[in-house]
Each structure stands twice: as structure tokens, then as C-alpha cells.
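S.K.: Next up is a structure, given as C-alpha cells.
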Amino acid sequence: MKDEYDFSAGKRGPVLKRPGQRATIATREAALLPGLFGRADSREDTAEGIRIRLPADALSAVLQTVDAERQCCRFLRFEITVEPDGGPIWLTLSGPPGTREFLSALLES
């Protein structure tokens, strides 16, 4: 059975609801993704999420963040592209409808 997610607005911002899990933007502020977003050189919205560009020296932080976030935000899909010759790292985060808005709210917090 596939998990279903509801990104509806709560009093403190968008609330992610799925069986057995509730997370508000306020509880995510201390998580790793906002710190990684802060290191981004650029950001692009995609149809299903967000794509950020990070400096080459952020690879360790990217891997640690993805490993931690995939445990709590199981609805997220992570795609990492490491450009050749010491180039930038691209991290694409996507998921079900509402993911882009959820991630945008993290960026604004």
C-alpha cells in the first residue's frame, strides 16, 4: 500500500500528514535541510520540488543530510549530481504534490 500525504495548512504553516507522522515547519527548522539550503549558490523550482546548486566542498554535508532526511521524510526523492573536475553539486528534492510548497516553506523559515 502506498503512503498518502496531505500538505494542508495548519496554524503554524503547512503540515505534513501521513499515517503515524505529523511534522510542522516549526519542528523542521532544527533539521538539516534548512542548513543545506543556506549553503546553496542557487535554487530552481521544478515541477515536483526544488533543485539547489552547492559548492564542490559540500559533498559530505549533502550526503549526511540526505541520509538523515530520508529517515524522517520518506516521501522525498533525492537526486545528487556531482559535476566533473571539481564542479558544483546539484541536489534535486522531489515528491508527491505539495512537496515544492513544503520545501519552499523550509527555505523561508
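Numbering starts fresh at 1 for the residues of each chain in the C-alpha cells, the chains themselves are lettered A, B, ... in the order given, and ligands are numbered from 1 as they appear.
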Could you pull the residues within 6 Å of region 81-93 of chain A, counting only C-alpha atoms, minus those fewer than 2 positions along the same chain, as a list in words?
M.R.: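 That gives Gly49, Ile50, Arg51, Ile52, Arg53, Leu54, Pro55, Ala56, Arg77, Phe78 and Glu79 of chain A.
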S.K.: Quick check, in Å to one decimal: how far apart do CA of Gly98 (chain A) and CA of Ser60 (chain A) lie?
M.R.: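 Computing it gives 28.0 Å between the two atoms.
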S.K.: Would you mind writing down, as a list in words, each residue of region 37-77 of chain A that DSSP on the backbone assigns to strand (DSSP E or B)?
M.R.: Ser42, Arg43, Glu44, Asp45, Gly49, Ile50, Arg51, Ile52, Arg53, Leu54 and Arg77 of chain A
S.K.: Would you put the residues from that selection into a file with all heavy atoms, as a CSV table (one decimal), in the first residue's frame?
M.R.:
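Wrote out_9.csv, looks like this:
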chain,number,residue,atom,x,y,z
A,42,SER,N,22.5,28.6,-5.7
A,42,SER,CA,21.3,28.9,-6.4
A,42,SER,C,20.2,27.9,-6.2
A,42,SER,O,20.4,26.8,-5.6
A,42,SER,CB,21.6,29.0,-7.9
A,42,SER,OG,21.9,27.7,-8.4
A,43,ARG,N,19.0,28.3,-6.5
A,43,ARG,CA,17.8,27.5,-6.3
A,43,ARG,C,16.9,27.6,-7.6
A,43,ARG,O,16.7,28.6,-8.1
A,43,ARG,CB,17.1,27.9,-5.1
A,43,ARG,CG,15.7,27.3,-5.0
A,43,ARG,CD,14.8,28.0,-4.0
A,43,ARG,NE,13.4,27.7,-4.2
A,43,ARG,CZ,12.4,28.2,-3.6
A,43,ARG,NH1,12.6,29.1,-2.7
A,43,ARG,NH2,11.2,27.8,-3.8
A,44,GLU,N,16.3,26.4,-8.0
A,44,GLU,CA,15.4,26.4,-9.1
A,44,GLU,C,14.2,25.6,-8.6
A,44,GLU,O,14.3,24.5,-8.0
A,44,GLU,CB,16.0,25.7,-10.3
A,44,GLU,CG,17.2,26.3,-10.8
A,44,GLU,CD,17.9,25.4,-11.9
A,44,GLU,OE1,17.2,24.4,-12.3
A,44,GLU,OE2,19.0,25.7,-12.3
A,45,ASP,N,13.0,26.1,-8.9
A,45,ASP,CA,11.8,25.3,-8.6
A,45,ASP,C,11.6,24.3,-9.8
A,45,ASP,O,11.9,24.7,-10.9
A,45,ASP,CB,10.6,26.2,-8.5
A,45,ASP,CG,10.5,27.0,-7.2
A,45,ASP,OD1,11.2,26.6,-6.3
A,45,ASP,OD2,9.7,28.0,-7.2
A,49,GLY,N,9.3,19.7,-7.1
A,49,GLY,CA,10.2,20.1,-5.9
A,49,GLY,C,11.1,21.2,-6.1
A,49,GLY,O,10.7,22.2,-6.8
A,50,ILE,N,12.3,21.1,-5.7
A,50,ILE,CA,13.3,22.1,-5.7
A,50,ILE,C,14.7,21.5,-6.1
A,50,ILE,O,15.0,20.4,-5.7
A,50,ILE,CB,13.4,22.8,-4.4
A,50,ILE,CG1,12.2,23.6,-4.1
A,50,ILE,CG2,14.6,23.7,-4.3
A,50,ILE,CD1,12.1,24.3,-2.7
A,51,ARG,N,15.5,22.3,-6.8
A,51,ARG,CA,16.8,21.9,-7.2
A,51,ARG,C,17.7,23.0,-6.7
A,51,ARG,O,17.5,24.2,-7.0
A,51,ARG,CB,16.9,21.7,-8.7
A,51,ARG,CG,18.3,21.3,-9.2
A,51,ARG,CD,18.2,21.0,-10.7
A,51,ARG,NE,19.5,20.4,-11.1
A,51,ARG,CZ,20.1,20.7,-12.2
A,51,ARG,NH1,19.6,21.6,-13.1
A,51,ARG,NH2,21.2,20.1,-12.5
A,52,ILE,N,18.8,22.6,-6.0
A,52,ILE,CA,19.7,23.6,-5.5
A,52,ILE,C,21.1,23.2,-6.0
A,52,ILE,O,21.5,22.1,-6.2
A,52,ILE,CB,19.7,23.7,-3.9
A,52,ILE,CG1,20.1,22.4,-3.2
A,52,ILE,CG2,18.4,24.2,-3.4
A,52,ILE,CD1,20.2,22.5,-1.7
A,53,ARG,N,21.9,24.3,-6.1
A,53,ARG,CA,23.3,24.1,-6.5
A,53,ARG,C,24.2,24.4,-5.3
A,53,ARG,O,24.0,25.5,-4.7
A,53,ARG,CB,23.6,25.1,-7.7
A,53,ARG,CG,25.1,25.0,-8.1
A,53,ARG,CD,25.3,26.0,-9.2
A,53,ARG,NE,26.8,26.1,-9.5
A,53,ARG,CZ,27.4,27.0,-10.2
A,53,ARG,NH1,26.7,27.9,-10.8
A,53,ARG,NH2,28.7,26.9,-10.3
A,54,LEU,N,25.1,23.6,-5.1
A,54,LEU,CA,26.0,23.7,-3.9
A,54,LEU,C,27.5,23.7,-4.4
A,54,LEU,O,27.8,23.1,-5.4
A,54,LEU,CB,25.8,22.6,-2.9
A,54,LEU,CG,24.4,22.6,-2.3
A,54,LEU,CD1,23.8,21.2,-2.1
A,54,LEU,CD2,24.4,23.4,-1.0
A,77,ARG,N,12.2,12.4,-2.6
A,77,ARG,CA,13.2,11.7,-3.5
A,77,ARG,C,14.4,12.6,-3.7
A,77,ARG,O,14.2,13.8,-3.9
A,77,ARG,CB,12.5,11.5,-4.9
A,77,ARG,CG,13.5,10.9,-5.9
A,77,ARG,CD,12.9,10.8,-7.3
A,77,ARG,NE,11.9,9.7,-7.2
A,77,ARG,CZ,10.6,10.0,-7.5
A,77,ARG,NH1,10.2,11.2,-7.9
A,77,ARG,NH2,9.7,9.0,-7.4
S.K.: Would you please work out which residue, of A:Ala47, A:Ala40, A:Leu103, A:Leu76, is nearest to Val62 (chain A) when using only C-alpha atoms?
M.R.: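 The closest residue to Val62 (chain A) is A:Ala40.
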